[in-house]
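Novice: Supplied in structure tokens, the structure appears directly below.
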Amino acid sequence: MNDELNPKQKEAVEYGEGPMLIVAGAGSGKTKTLTSRLAYLISQKGVKPERILAITFTNKAADEMKERVKKSLFSSKIKISNEPFVGTFHSFGAGILRKEGKFFGRNYSFSIFDRDDSISAIKKILKNFNISVSDFSPTVLIKEFSKIKSELLDEEDFQESEKSKKIYFLFKEYESFLERNNAFDFDDLLEKVFQLFSKNKEVLKRYQSQYDYVLVDEYQDTNSVQYRLVKMLSEAHKNINVVGDDQQAIYGFRFSDFRNFLNFEKDWPEAKIIFLEQNYRSTKNIINSSSGLISNNVLQKPKKLWTQNQDGSLVKIAEHDDEFEEADFVIQTASGYLRQNKNVGILFRTNAQSRALEQMLLEYGVEYNLFGAITFYERKEIKDLVAALKYCANPSDEISLSRLEKNFYKKTYLKIKEELPLKSSLKPDKIIDYFIKATDYIAMLEKTYPNFSERLENIQELIYFSQQFSKLPNFLEKISLASPLDESVRKKRDKKYLSGINMMTIHLAKGLEFDVVFVVGVNEGLLPHQRSFFSSQDVEEERRLMYVAMTRAREELYLSFYNLPSRFLSELPSNNLEFAGKRAFDDEERYIEYD
């Protein structure tokens with residue numbers, strides 16, 4: 001099983017008992033190592049699969065790990081009757097709350113509120129208290145509420161002003177609303193489990209005794225509640241094995257704290273630390289260039305990434321007059337690589353940057369995939385069907401019921417309001433079929449929308465997916481925890497990267513790789529973003545973001561800018577670069593023009 005592992009990977013896979021931190025550089029075989037570790041524990045150490053808890057951050061990573069473990073055990077001719085838990089933090093938490101929801105006044109059929117559901121709930125609360133949305137924006141409040149749960153804050157943290165006190169008051173009202181609706185929001189799936197473990201030691205002991213090993217992927221991305229949950233679950237046996245890379249910690253805006261990664265040895269003084277520094281993905285020029293950039297960060301575990309791959313082309317920096325000239329250059333150049341059967345990633349700091357690129361792609365007639373726009377589960381017809389399913393499973397869910405009331409004629413609404421809860425024992429696809437017929441939904445779409453055929457395809461895809469589930473709560477939980485890349489990756493999960501031209505933010509690109517990468521808008525004010533200018537730690541996170549973007553490339557890397565070049569470009573080692581600019585980075589005239 002371990003023949004293909006390098007010595008450091010093999011050391012990590014075959015480590016004995018106790019805590020272990022695997023510091024895995026970009027492209028160093030992190031997933032392969034963690035998966036091999038899991039398979040090794042089962043096949044060589046004799047650990048029962050159900051005694052292993054493996055936690056990931058994305059469904060994509062969980063699915064990939066499951067497939068790899070199955071293949072590894074199959075090749076070793078090992079049959080297992082039970083499987084280890086391999087899934088996201090949130091799916092793990094949801095599973096616990098399905099069993100323990102009574103501690104929080106919920107039953108098994110609770111709804112999981114998405115962002116839109118939560119905002120609708122907040123609007124109702126503000127209306128009940130005659131509070132204007134101009135005084136307390138629902139989108140700002142939902143972020144504050146998320147911070148409270150992610151960072152485990154309490155009332156004492158909201159005493160500095162009358163406004164902050166009001167925020168906490170509204171938070172408590174929001175919590176009451178969730179309970180009345182037999183619902184949890186996304187953050188509850190972790191925070192409520194933490195509260196359960198903290199306040200009920202018997203329950204904690206029960207879950208601690210279920211597992212002999214806890215494996216955690218992307219440990220640098222844990223927030224306070226995730227970090228504490230993992231620590232609590234591992235305290236009895238201390239077999240906590242985590243893998244990650246502090247140089248790819250880019251989710252501070254989600255309250256992730258990469259100091260959890262940096263301080264691992266403080267929590268577990270006896271921990272084994274193993275560095276994976278051999279990169280299998282990129283050329284030497286890409287590795288040396290990105291390593292030169294990230295070396296400027298102060299807060300990090302220094303590592304020396306290296307590769308046996310060829311030198312490859314120099315990293316190309318291209319200067320343009322504006323975003324449209326940049327888009328024209330990128331699309332024309334990318335099209336050339338497509339003709340060579342290369343796959344291309346076009347990465348940007350903000351979603352708004354896709355506009356000029358999309359316009360140019362349409363003008364040239366080039367097909368592309370855009371991620372992070374309206375995802376499958378955000379589409380109108382899918383949200384209507386999911387609202388019906390959520391109300392069917394949980395008649396206390398007034399947010400889903402409100403959507404049905406708003407979108408259907410009164411006679412139809414009253415019919416489905418009465419009959420849907422009676423269908424909850426049916427399979428999900430049968431409930432969808434009932435709803436479509438009871439509302440004459442297909443005819444309504446055809447009459448209303450010119451892109452009817454596309455919407456019908458979306459519905460057919462949902463029905464097809466629902467046929468894999470026998471119980472409605474399980475199906476709803478799966479789609480509630482879906483991520484933006486799931487729908488595409490689900491269809492191409494055997495590939496490490498997506499074909500054709502793929503456009504997405506750098507945040508979404510993490511974990512992916514492409515033959516050719518274009519990082520666009522590498523401008524001062526975009527990358528690093530101007531919001532980071534007031535904090536050196538925020539600038540360091542922006543530098544990590546740039547590093548993640550660069551290390552997605554396997555063969556060719558383009559960094560393009562217009563207006564002022566990013567400070568990060570001047571930090572790249574010059575001997576790895578090919579500069580196609582109009583003048584040097586330090587040309588003072590640039591800064592006079594844009595002062």
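Letters A, B, ... go to the chains of the structure tokens in the order shown; residues in each chain start at 1; ligands are counted from 1 in the same order.
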Taking 5 positions as the minimum chain separation for residues in the same chain, which residues sit within 10 Å of region 81-88 of chain A when counting only C-alpha atoms? Answer as a CSV table (one decimal) with all heavy atoms, in the first residue's frame.
Specialist:
chain,number,residue,atom,x,y,z
A,38,LEU,N,-5.4,6.7,6.9
A,38,LEU,CA,-6.7,6.1,7.3
A,38,LEU,C,-6.7,4.6,6.9
A,38,LEU,O,-7.1,3.8,7.7
A,38,LEU,CB,-7.8,6.9,6.7
A,38,LEU,CG,-9.2,6.8,7.3
A,38,LEU,CD1,-10.1,7.9,6.7
A,38,LEU,CD2,-9.9,5.5,7.0
A,39,ALA,N,-6.3,4.3,5.7
A,39,ALA,CA,-6.3,3.0,5.2
A,39,ALA,C,-5.3,2.1,6.0
A,39,ALA,O,-5.6,0.9,6.3
A,39,ALA,CB,-6.0,2.9,3.7
A,42,ILE,N,-6.6,0.9,9.3
A,42,ILE,CA,-7.6,-0.2,9.2
A,42,ILE,C,-6.9,-1.5,8.8
A,42,ILE,O,-7.1,-2.6,9.4
A,42,ILE,CB,-8.7,0.1,8.2
A,42,ILE,CG1,-9.5,1.3,8.6
A,42,ILE,CG2,-9.6,-1.1,7.9
A,42,ILE,CD1,-10.4,1.9,7.6
A,48,LYS,N,-10.8,-0.8,14.0
A,48,LYS,CA,-12.1,-1.0,13.3
A,48,LYS,C,-12.5,0.3,12.6
A,48,LYS,O,-12.3,1.4,13.2
A,48,LYS,CB,-13.2,-1.3,14.4
A,48,LYS,CG,-13.0,-2.7,15.0
A,48,LYS,CD,-14.0,-3.0,16.0
A,48,LYS,CE,-13.9,-4.4,16.6
A,48,LYS,NZ,-14.9,-4.7,17.6
A,49,PRO,N,-13.0,0.3,11.4
A,49,PRO,CA,-13.3,1.5,10.6
A,49,PRO,C,-14.2,2.5,11.3
A,49,PRO,O,-14.0,3.7,11.3
A,49,PRO,CB,-13.9,0.9,9.3
A,49,PRO,CG,-13.4,-0.5,9.2
A,49,PRO,CD,-13.2,-1.0,10.6
A,50,GLU,N,-15.2,1.9,12.0
A,50,GLU,CA,-16.2,2.8,12.7
A,50,GLU,C,-15.5,3.5,13.9
A,50,GLU,O,-16.2,4.4,14.5
A,50,GLU,CB,-17.4,2.0,13.1
A,50,GLU,CG,-17.2,0.9,14.2
A,50,GLU,CD,-16.8,-0.4,13.6
A,50,GLU,OE1,-16.3,-0.5,12.4
A,50,GLU,OE2,-17.0,-1.4,14.3
A,51,ARG,N,-14.3,3.1,14.3
A,51,ARG,CA,-13.6,3.8,15.4
A,51,ARG,C,-12.8,5.0,14.9
A,51,ARG,O,-12.0,5.5,15.7
A,51,ARG,CB,-12.7,2.8,16.1
A,51,ARG,CG,-13.4,1.5,16.6
A,51,ARG,CD,-14.3,1.8,17.8
A,51,ARG,NE,-13.6,2.3,18.9
A,51,ARG,CZ,-14.2,2.7,20.0
A,51,ARG,NH1,-15.5,2.7,20.1
A,51,ARG,NH2,-13.5,3.2,21.0
A,52,ILE,N,-12.8,5.3,13.6
A,52,ILE,CA,-12.0,6.4,13.1
A,52,ILE,C,-13.0,7.5,12.6
A,52,ILE,O,-14.0,7.3,11.9
A,52,ILE,CB,-11.2,5.9,11.8
A,52,ILE,CG1,-10.3,4.8,12.3
A,52,ILE,CG2,-10.4,7.1,11.3
A,52,ILE,CD1,-9.5,4.1,11.1
A,53,LEU,N,-12.6,8.7,13.0
A,53,LEU,CA,-13.4,9.9,12.6
A,53,LEU,C,-12.4,10.8,11.7
A,53,LEU,O,-11.4,11.2,12.2
A,53,LEU,CB,-13.8,10.7,13.9
A,53,LEU,CG,-14.4,12.1,13.6
A,53,LEU,CD1,-15.7,12.0,12.9
A,53,LEU,CD2,-14.7,12.8,15.0
A,54,ALA,N,-12.8,11.0,10.5
A,54,ALA,CA,-12.0,11.8,9.6
A,54,ALA,C,-12.8,13.0,9.1
A,54,ALA,O,-13.9,12.8,8.5
A,54,ALA,CB,-11.5,10.9,8.4
A,55,ILE,N,-12.3,14.2,9.4
A,55,ILE,CA,-13.1,15.4,9.2
A,55,ILE,C,-12.4,16.2,8.1
A,55,ILE,O,-11.2,16.5,8.2
A,55,ILE,CB,-13.2,16.2,10.5
A,55,ILE,CG1,-13.9,15.4,11.5
A,55,ILE,CG2,-14.0,17.5,10.2
A,55,ILE,CD1,-14.1,16.1,12.9
A,56,THR,N,-13.2,16.7,7.1
A,56,THR,CA,-12.7,17.5,6.1
A,56,THR,C,-13.5,18.8,6.1
A,56,THR,O,-14.4,19.0,6.9
A,56,THR,CB,-12.9,16.8,4.7
A,56,THR,OG1,-14.4,16.8,4.4
A,56,THR,CG2,-12.4,15.4,4.7
A,57,PHE,N,-13.1,19.7,5.2
A,57,PHE,CA,-13.8,21.0,5.1
A,57,PHE,C,-14.8,21.1,3.9
A,57,PHE,O,-15.7,21.9,3.9
A,57,PHE,CB,-12.8,22.2,5.0
A,57,PHE,CG,-12.4,22.7,6.3
A,57,PHE,CD1,-11.4,22.1,7.1
A,57,PHE,CD2,-13.1,23.8,6.9
A,57,PHE,CE1,-11.1,22.5,8.3
A,57,PHE,CE2,-12.7,24.3,8.2
A,57,PHE,CZ,-11.7,23.6,8.9
A,58,THR,N,-14.7,20.2,3.0
A,58,THR,CA,-15.6,20.2,1.8
A,58,THR,C,-16.1,18.8,1.5
A,58,THR,O,-15.4,17.8,1.8
A,58,THR,CB,-14.9,20.8,0.5
A,58,THR,OG1,-13.8,19.8,0.1
A,58,THR,CG2,-14.2,22.1,0.8
A,59,ASN,N,-17.3,18.8,0.9
A,59,ASN,CA,-17.8,17.5,0.4
A,59,ASN,C,-16.9,16.9,-0.6
A,59,ASN,O,-16.8,15.6,-0.7
A,59,ASN,CB,-19.2,17.7,-0.1
A,59,ASN,CG,-20.2,18.1,0.9
A,59,ASN,OD1,-20.2,17.6,2.0
A,59,ASN,ND2,-21.0,19.2,0.7
A,60,LYS,N,-16.3,17.7,-1.5
A,60,LYS,CA,-15.4,17.2,-2.5
A,60,LYS,C,-14.2,16.5,-1.9
A,60,LYS,O,-13.9,15.4,-2.3
A,60,LYS,CB,-14.9,18.4,-3.3
A,60,LYS,CG,-13.7,18.1,-4.3
A,60,LYS,CD,-13.2,19.3,-5.0
A,60,LYS,CE,-12.0,19.0,-5.8
A,60,LYS,NZ,-10.8,18.8,-5.0
A,61,ALA,N,-13.6,17.0,-0.8
A,61,ALA,CA,-12.5,16.4,-0.2
A,61,ALA,C,-12.9,15.1,0.5
A,61,ALA,O,-12.2,14.1,0.4
A,61,ALA,CB,-11.9,17.3,0.8
A,62,ALA,N,-14.1,15.1,1.1
A,62,ALA,CA,-14.7,13.9,1.8
A,62,ALA,C,-14.9,12.8,0.7
A,62,ALA,O,-14.5,11.6,1.0
A,62,ALA,CB,-16.0,14.2,2.5
A,63,ASP,N,-15.5,13.1,-0.4
A,63,ASP,CA,-15.8,12.1,-1.4
A,63,ASP,C,-14.5,11.5,-2.0
A,63,ASP,O,-14.4,10.3,-2.2
A,63,ASP,CB,-16.6,12.8,-2.6
A,63,ASP,CG,-18.1,13.1,-2.1
A,63,ASP,OD1,-18.5,12.5,-1.1
A,63,ASP,OD2,-18.7,13.9,-2.8
A,64,GLU,N,-13.5,12.4,-2.2
A,64,GLU,CA,-12.3,11.9,-2.7
A,64,GLU,C,-11.6,11.0,-1.7
A,64,GLU,O,-11.0,10.0,-2.1
A,64,GLU,CB,-11.3,13.2,-3.0
A,64,GLU,CG,-10.0,12.8,-3.7
A,64,GLU,CD,-9.2,14.0,-4.0
A,64,GLU,OE1,-9.7,15.2,-3.9
A,64,GLU,OE2,-8.0,13.8,-4.4
A,65,MET,N,-11.7,11.3,-0.5
A,65,MET,CA,-11.0,10.5,0.5
A,65,MET,C,-11.7,9.1,0.6
A,65,MET,O,-11.1,8.1,0.7
A,65,MET,CB,-11.0,11.2,1.9
A,65,MET,CG,-10.2,10.5,3.0
A,65,MET,SD,-10.2,11.3,4.6
A,65,MET,CE,-9.3,12.8,4.1
A,66,LYS,N,-13.1,9.1,0.6
A,66,LYS,CA,-13.8,7.9,0.6
A,66,LYS,C,-13.4,7.0,-0.5
A,66,LYS,O,-13.2,5.8,-0.3
A,66,LYS,CB,-15.3,8.1,0.6
A,66,LYS,CG,-15.9,8.7,1.9
A,66,LYS,CD,-17.4,9.1,1.6
A,66,LYS,CE,-17.9,9.9,2.8
A,66,LYS,NZ,-19.3,10.3,2.6
A,69,VAL,N,-9.9,5.5,-0.1
A,69,VAL,CA,-9.8,4.5,0.9
A,69,VAL,C,-10.4,3.2,0.4
A,69,VAL,O,-9.8,2.1,0.6
A,69,VAL,CB,-10.5,5.0,2.2
A,69,VAL,CG1,-10.7,3.8,3.2
A,69,VAL,CG2,-9.7,6.1,2.9
A,70,LYS,N,-11.5,3.3,-0.3
A,70,LYS,CA,-12.1,2.1,-0.8
A,70,LYS,C,-11.2,1.4,-1.8
A,70,LYS,O,-11.0,0.1,-1.7
A,70,LYS,CB,-13.4,2.4,-1.6
A,70,LYS,CG,-14.6,2.7,-0.7
A,70,LYS,CD,-15.8,3.1,-1.5
A,70,LYS,CE,-17.0,3.4,-0.6
A,70,LYS,NZ,-18.2,3.9,-1.4
A,93,GLY,N,-21.6,17.4,12.7
A,93,GLY,CA,-22.4,18.1,13.6
A,93,GLY,C,-23.9,17.8,13.4
A,93,GLY,O,-24.7,17.6,14.4
A,94,ALA,N,-24.3,17.8,12.1
A,94,ALA,CA,-25.7,17.6,11.8
A,94,ALA,C,-26.1,16.2,12.3
A,94,ALA,O,-27.3,16.0,12.8
A,94,ALA,CB,-26.0,17.8,10.3
A,211,TYR,N,-14.7,6.8,19.3
A,211,TYR,CA,-13.6,6.9,18.3
A,211,TYR,C,-12.2,6.7,19.0
A,211,TYR,O,-12.0,7.1,20.1
A,211,TYR,CB,-13.6,8.3,17.7
A,211,TYR,CG,-14.9,8.6,17.0
A,211,TYR,CD1,-15.8,9.6,17.5
A,211,TYR,CD2,-15.2,8.0,15.8
A,211,TYR,CE1,-17.0,9.8,16.9
A,211,TYR,CE2,-16.4,8.3,15.2
A,211,TYR,CZ,-17.3,9.2,15.7
A,211,TYR,OH,-18.5,9.4,15.1
A,214,VAL,N,-8.8,10.5,15.6
A,214,VAL,CA,-9.5,11.7,15.0
A,214,VAL,C,-8.5,12.2,14.0
A,214,VAL,O,-7.4,12.7,14.3
A,214,VAL,CB,-9.9,12.7,16.0
A,214,VAL,CG1,-10.4,14.0,15.3
A,214,VAL,CG2,-10.9,12.2,17.0
A,215,LEU,N,-8.9,12.2,12.7
A,215,LEU,CA,-8.0,12.8,11.6
A,215,LEU,C,-8.7,14.1,11.1
A,215,LEU,O,-9.9,14.1,10.8
A,215,LEU,CB,-7.9,11.8,10.5
A,215,LEU,CG,-6.9,10.6,10.6
A,215,LEU,CD1,-7.1,9.8,11.8
A,215,LEU,CD2,-6.9,9.7,9.4
A,216,VAL,N,-7.9,15.1,10.9
A,216,VAL,CA,-8.5,16.4,10.5
A,216,VAL,C,-7.7,16.9,9.3
A,216,VAL,O,-6.5,17.1,9.4
A,216,VAL,CB,-8.5,17.4,11.6
A,216,VAL,CG1,-9.3,18.7,11.1
A,216,VAL,CG2,-9.2,16.9,12.8
A,217,ASP,N,-8.4,17.2,8.2
A,217,ASP,CA,-7.8,17.8,7.0
A,217,ASP,C,-7.9,19.3,7.1
A,217,ASP,O,-8.8,19.9,7.8
A,217,ASP,CB,-8.6,17.3,5.8
A,217,ASP,CG,-7.9,17.6,4.5
A,217,ASP,OD1,-6.7,17.9,4.5
A,217,ASP,OD2,-8.5,17.5,3.4
A,481,LEU,N,-26.0,21.1,3.0
A,481,LEU,CA,-24.5,21.2,3.2
A,481,LEU,C,-23.7,21.2,2.0
A,481,LEU,O,-22.5,21.0,2.0
A,481,LEU,CB,-24.1,20.1,4.2
A,481,LEU,CG,-24.8,20.0,5.5
A,481,LEU,CD1,-24.3,18.8,6.3
A,481,LEU,CD2,-24.7,21.3,6.3
Novice: Could you list, as an MDAnalysis selection string, every residue within 8 Å of Val23 (chain A), counting only C-alpha atoms and ignoring same-chain residues fewer than 5 positions away?
Specialist: chainID A and resid 243:245 273:276
Novice: Nearest to Val519 (chain A) among A:Tyr377, A:Tyr409, A:Phe348, A:Tyr464, with distances taken over only C-alpha atoms: which residue is it?
Specialist: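 Among A:Tyr377, A:Tyr409, A:Phe348, A:Tyr464, it is A:Phe348 that comes nearest to Val519 (chain A).
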Novice: To one decimal place, how far is CA of Thr222 (chain A) from CA of Ser291 (chain A) in Å?
Specialist: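 About the pair CA of Thr222 (chain A) and CA of Ser291 (chain A): they are 23.7 Å apart.
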Novice: Using backbone DSSP assignments, extract all strand (DSSP E or B) residues from region 249-399 of chain A; output them as JSON, numbers by chain.
Specialist: {"A": [256, 272, 273, 274, 275, 276, 278, 306, 315, 316, 317, 318, 319, 320, 344, 345, 346, 347, 348, 369, 370]}
Novice: Under the rule that only C-alpha atoms are counted, which of A:Ser36, A:Ser566, A:Thr350, A:Thr439 is the nearest residue to Ile506 (chain A)?
Specialist: A:Thr350
Novice: Determine, counting only C-alpha atoms, which protein, DNA and RNA residues have an atom within 6 Å of an atom of region 302-319 of chain A; residues of the same chain fewer than 2 positions away are not included. Present the result as a ChimeraX atom specification.
Specialist: /A:277-279,283-285,300,557-562,576-581
Novice: Could you turn the residues from that selection into a file that holds all heavy atoms, as a short mmCIF file (atom, residue, chain, number, x, y, z; two decimals), in the first residue's frame?
Specialist:
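The resulting file, selection_32.cif, is shown below:
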data_model
loop_
_atom_site.label_atom_id
_atom_site.label_comp_id
_atom_site.auth_asym_id
_atom_site.auth_seq_id
_atom_site.Cartn_x
_atom_site.Cartn_y
_atom_site.Cartn_z
N GLU A 277 7.47 18.40 2.05
CA GLU A 277 7.98 19.56 1.31
C GLU A 277 8.22 19.28 -0.18
O GLU A 277 8.58 20.20 -0.91
CB GLU A 277 9.27 20.06 1.97
CG GLU A 277 9.03 20.56 3.39
CD GLU A 277 10.33 20.88 4.13
OE1 GLU A 277 11.18 19.97 4.25
OE2 GLU A 277 10.49 22.03 4.58
N GLN A 278 8.04 18.04 -0.60
CA GLN A 278 8.23 17.74 -2.02
C GLN A 278 6.94 18.01 -2.78
O GLN A 278 5.90 17.43 -2.49
CB GLN A 278 8.66 16.29 -2.24
CG GLN A 278 8.90 15.97 -3.72
CD GLN A 278 9.41 14.56 -3.97
OE1 GLN A 278 9.58 13.78 -3.03
NE2 GLN A 278 9.64 14.23 -5.22
N ASN A 279 7.00 18.90 -3.76
CA ASN A 279 5.83 19.26 -4.56
C ASN A 279 5.79 18.38 -5.81
O ASN A 279 6.79 18.23 -6.51
CB ASN A 279 5.91 20.74 -4.95
CG ASN A 279 4.77 21.17 -5.85
OD1 ASN A 279 4.75 20.89 -7.04
ND2 ASN A 279 3.83 21.89 -5.26
N THR A 283 6.07 23.17 -11.81
CA THR A 283 7.45 23.26 -12.29
C THR A 283 8.33 23.97 -11.26
O THR A 283 7.83 24.63 -10.35
CB THR A 283 7.51 24.06 -13.61
OG1 THR A 283 7.07 25.41 -13.35
CG2 THR A 283 6.65 23.43 -14.68
N LYS A 284 9.63 23.84 -11.45
CA LYS A 284 10.57 24.50 -10.51
C LYS A 284 10.39 26.01 -10.50
O LYS A 284 10.44 26.65 -9.44
CB LYS A 284 12.01 24.16 -10.89
CG LYS A 284 12.47 22.75 -10.53
CD LYS A 284 13.96 22.59 -10.74
CE LYS A 284 14.47 21.24 -10.26
NZ LYS A 284 14.10 20.14 -11.15
N ASN A 285 10.18 26.61 -11.67
CA ASN A 285 10.03 28.06 -11.71
C ASN A 285 8.80 28.54 -10.94
O ASN A 285 8.84 29.56 -10.25
CB ASN A 285 9.95 28.55 -13.17
CG ASN A 285 11.33 28.75 -13.77
OD1 ASN A 285 12.20 29.36 -13.16
ND2 ASN A 285 11.55 28.22 -14.97
N GLN A 300 4.37 32.18 10.29
CA GLN A 300 4.30 30.95 9.51
C GLN A 300 5.25 29.92 10.08
O GLN A 300 6.13 30.22 10.89
CB GLN A 300 4.66 31.22 8.05
CG GLN A 300 6.07 31.73 7.84
CD GLN A 300 6.44 31.77 6.35
OE1 GLN A 300 6.39 30.76 5.67
NE2 GLN A 300 6.81 32.96 5.87
N LEU A 557 2.14 29.76 -15.70
CA LEU A 557 1.53 30.71 -14.78
C LEU A 557 1.67 32.13 -15.33
O LEU A 557 2.77 32.57 -15.65
CB LEU A 557 2.20 30.61 -13.40
CG LEU A 557 1.77 31.63 -12.34
CD1 LEU A 557 0.28 31.53 -12.03
CD2 LEU A 557 2.60 31.44 -11.06
N TYR A 558 0.52 32.81 -15.44
CA TYR A 558 0.48 34.20 -15.88
C TYR A 558 -0.07 35.06 -14.75
O TYR A 558 -1.12 34.73 -14.16
CB TYR A 558 -0.44 34.37 -17.10
CG TYR A 558 0.09 33.79 -18.39
CD1 TYR A 558 0.01 32.42 -18.64
CD2 TYR A 558 0.66 34.61 -19.37
CE1 TYR A 558 0.48 31.87 -19.83
CE2 TYR A 558 1.13 34.07 -20.56
CZ TYR A 558 1.04 32.71 -20.79
OH TYR A 558 1.51 32.19 -21.96
N LEU A 559 0.61 36.16 -14.46
CA LEU A 559 0.13 37.15 -13.49
C LEU A 559 -0.06 38.46 -14.25
O LEU A 559 0.88 38.99 -14.82
CB LEU A 559 1.15 37.33 -12.37
CG LEU A 559 1.64 36.05 -11.68
CD1 LEU A 559 2.76 36.36 -10.69
CD2 LEU A 559 0.51 35.32 -10.99
N SER A 560 -1.29 38.96 -14.30
CA SER A 560 -1.54 40.16 -15.10
C SER A 560 -2.11 41.28 -14.24
O SER A 560 -2.79 41.03 -13.24
CB SER A 560 -2.48 39.85 -16.27
OG SER A 560 -3.80 39.63 -15.83
N PHE A 561 -1.82 42.52 -14.66
CA PHE A 561 -2.30 43.67 -13.90
C PHE A 561 -2.50 44.85 -14.83
O PHE A 561 -2.04 44.87 -15.98
CB PHE A 561 -1.31 44.04 -12.79
CG PHE A 561 -0.03 44.68 -13.29
CD1 PHE A 561 0.11 46.08 -13.34
CD2 PHE A 561 1.05 43.89 -13.71
CE1 PHE A 561 1.28 46.66 -13.79
CE2 PHE A 561 2.22 44.48 -14.16
CZ PHE A 561 2.34 45.86 -14.20
N TYR A 562 -3.23 45.84 -14.33
CA TYR A 562 -3.37 47.14 -14.97
C TYR A 562 -3.36 48.17 -13.85
O TYR A 562 -3.43 47.81 -12.67
CB TYR A 562 -4.66 47.22 -15.81
CG TYR A 562 -5.90 46.85 -15.05
CD1 TYR A 562 -6.65 47.81 -14.38
CD2 TYR A 562 -6.32 45.52 -14.98
CE1 TYR A 562 -7.79 47.46 -13.66
CE2 TYR A 562 -7.45 45.16 -14.28
CZ TYR A 562 -8.19 46.13 -13.62
OH TYR A 562 -9.30 45.79 -12.90
N ASN A 576 13.06 34.07 -11.87
CA ASN A 576 12.00 33.14 -12.27
C ASN A 576 10.93 33.81 -13.12
O ASN A 576 9.92 33.20 -13.45
CB ASN A 576 11.32 32.53 -11.03
CG ASN A 576 12.27 31.79 -10.12
OD1 ASN A 576 12.46 32.16 -8.97
ND2 ASN A 576 12.91 30.76 -10.65
N LEU A 577 11.17 35.09 -13.49
CA LEU A 577 10.12 35.88 -14.13
C LEU A 577 10.45 36.26 -15.57
O LEU A 577 11.61 36.42 -15.94
CB LEU A 577 9.88 37.18 -13.35
CG LEU A 577 9.48 37.08 -11.88
CD1 LEU A 577 9.31 38.47 -11.29
CD2 LEU A 577 8.22 36.25 -11.72
N GLU A 578 9.38 36.44 -16.35
CA GLU A 578 9.46 37.01 -17.68
C GLU A 578 8.47 38.17 -17.70
O GLU A 578 7.26 37.96 -17.63
CB GLU A 578 9.08 35.96 -18.72
CG GLU A 578 9.14 36.45 -20.15
CD GLU A 578 8.75 35.35 -21.13
OE1 GLU A 578 9.19 34.19 -20.94
OE2 GLU A 578 7.97 35.64 -22.06
N PHE A 579 8.98 39.40 -17.75
CA PHE A 579 8.13 40.58 -17.59
C PHE A 579 7.78 41.18 -18.94
O PHE A 579 8.65 41.54 -19.72
CB PHE A 579 8.86 41.61 -16.72
CG PHE A 579 8.05 42.85 -16.43
CD1 PHE A 579 6.79 42.76 -15.86
CD2 PHE A 579 8.55 44.10 -16.74
CE1 PHE A 579 6.04 43.89 -15.59
CE2 PHE A 579 7.80 45.24 -16.48
CZ PHE A 579 6.56 45.14 -15.90
N ALA A 580 6.45 41.26 -19.20
CA ALA A 580 5.97 41.85 -20.45
C ALA A 580 5.27 43.17 -20.16
O ALA A 580 4.19 43.44 -20.65
CB ALA A 580 5.02 40.89 -21.15
N GLY A 581 5.92 43.99 -19.32
CA GLY A 581 5.31 45.26 -18.95
C GLY A 581 5.86 46.41 -19.75
O GLY A 581 6.81 46.28 -20.51
#
Novice: Let me make sure I understand: among A:Arg180, A:Arg355, A:Arg259, A:Arg543, which one has the smallest atom-to-atom distance to Ser111 (chain A) if we use only C-alpha atoms?
Specialist: A:Arg180
Novice: Take CA of Val330 (chain A) and CA of Val548 (chain A) and report the distance between them in Å, one decimal.
Specialist: 19.5 Å
Novice: At what distance in Å, to one decimal, does CA of Lys143 (chain A) lie from CA of Arg254 (chain A)?
Specialist: 9.1 Å
Novice: Per DSSP on the backbone, what are the alpha helix (DSSP H) residues of region 22-228 of chain A, as a ChimeraX atom specification?
Specialist: /A:30-43,59-75,89-100,115-128,138-150,162-180,188-199,201-208,224-228
Novice: Which one of A:Tyr441, A:Phe194, A:Phe514, A:Tyr213 sits closest to Glu555 (chain A) if you count only C-alpha atoms?
Specialist: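 Ranked by minimum distance to Glu555 (chain A), first place goes to A:Phe514.
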Novice: Leaving out Phe145 (chain A) and any residue of its chain fewer than 2 positions from it, which residues lie within 12 Å of it when counting only C-alpha atoms, given as an MDAnalysis selection string?
Specialist: chainID A and resid 115 118:119 122 138:143 147:154 158 164 167:175 185:188 191 255
Novice: Which residues are close to Arg531 (chain A), i.e. within 12 Å by only C-alpha atoms, leaving aside same-chain residues fewer than 6 positions away? Reply as number ranges by chain.
Specialist: A: 253, 524-525, 537-539, 541-542
Novice: Go through A:Asn128, A:Asn575, A:Thr551, A:Ser480 one by one, measure the shortest atom-to-atom distance of each to Ser91 (chain A) using only C-alpha atoms, and give the residue with the smallest value.
Specialist: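 Once distances to Ser91 (chain A) are computed over only C-alpha atoms, the minimum belongs to A:Ser480.
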Novice: Just checking: using only C-alpha atoms, which residue out of A:Asn263, A:Ser109, A:Asn502, A:Ser396 ends up closest to Leu370 (chain A)?
Specialist: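 Smallest separation from Leu370 (chain A) among the options: A:Asn502.
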Novice: Got a sec: who's within 9 Å of Glu14 (chain A), counting only C-alpha atoms, leaving out chain neighbours fewer than 6 positions off, as a PyMOL selection string?
Specialist: chain A and resi 37+40-41
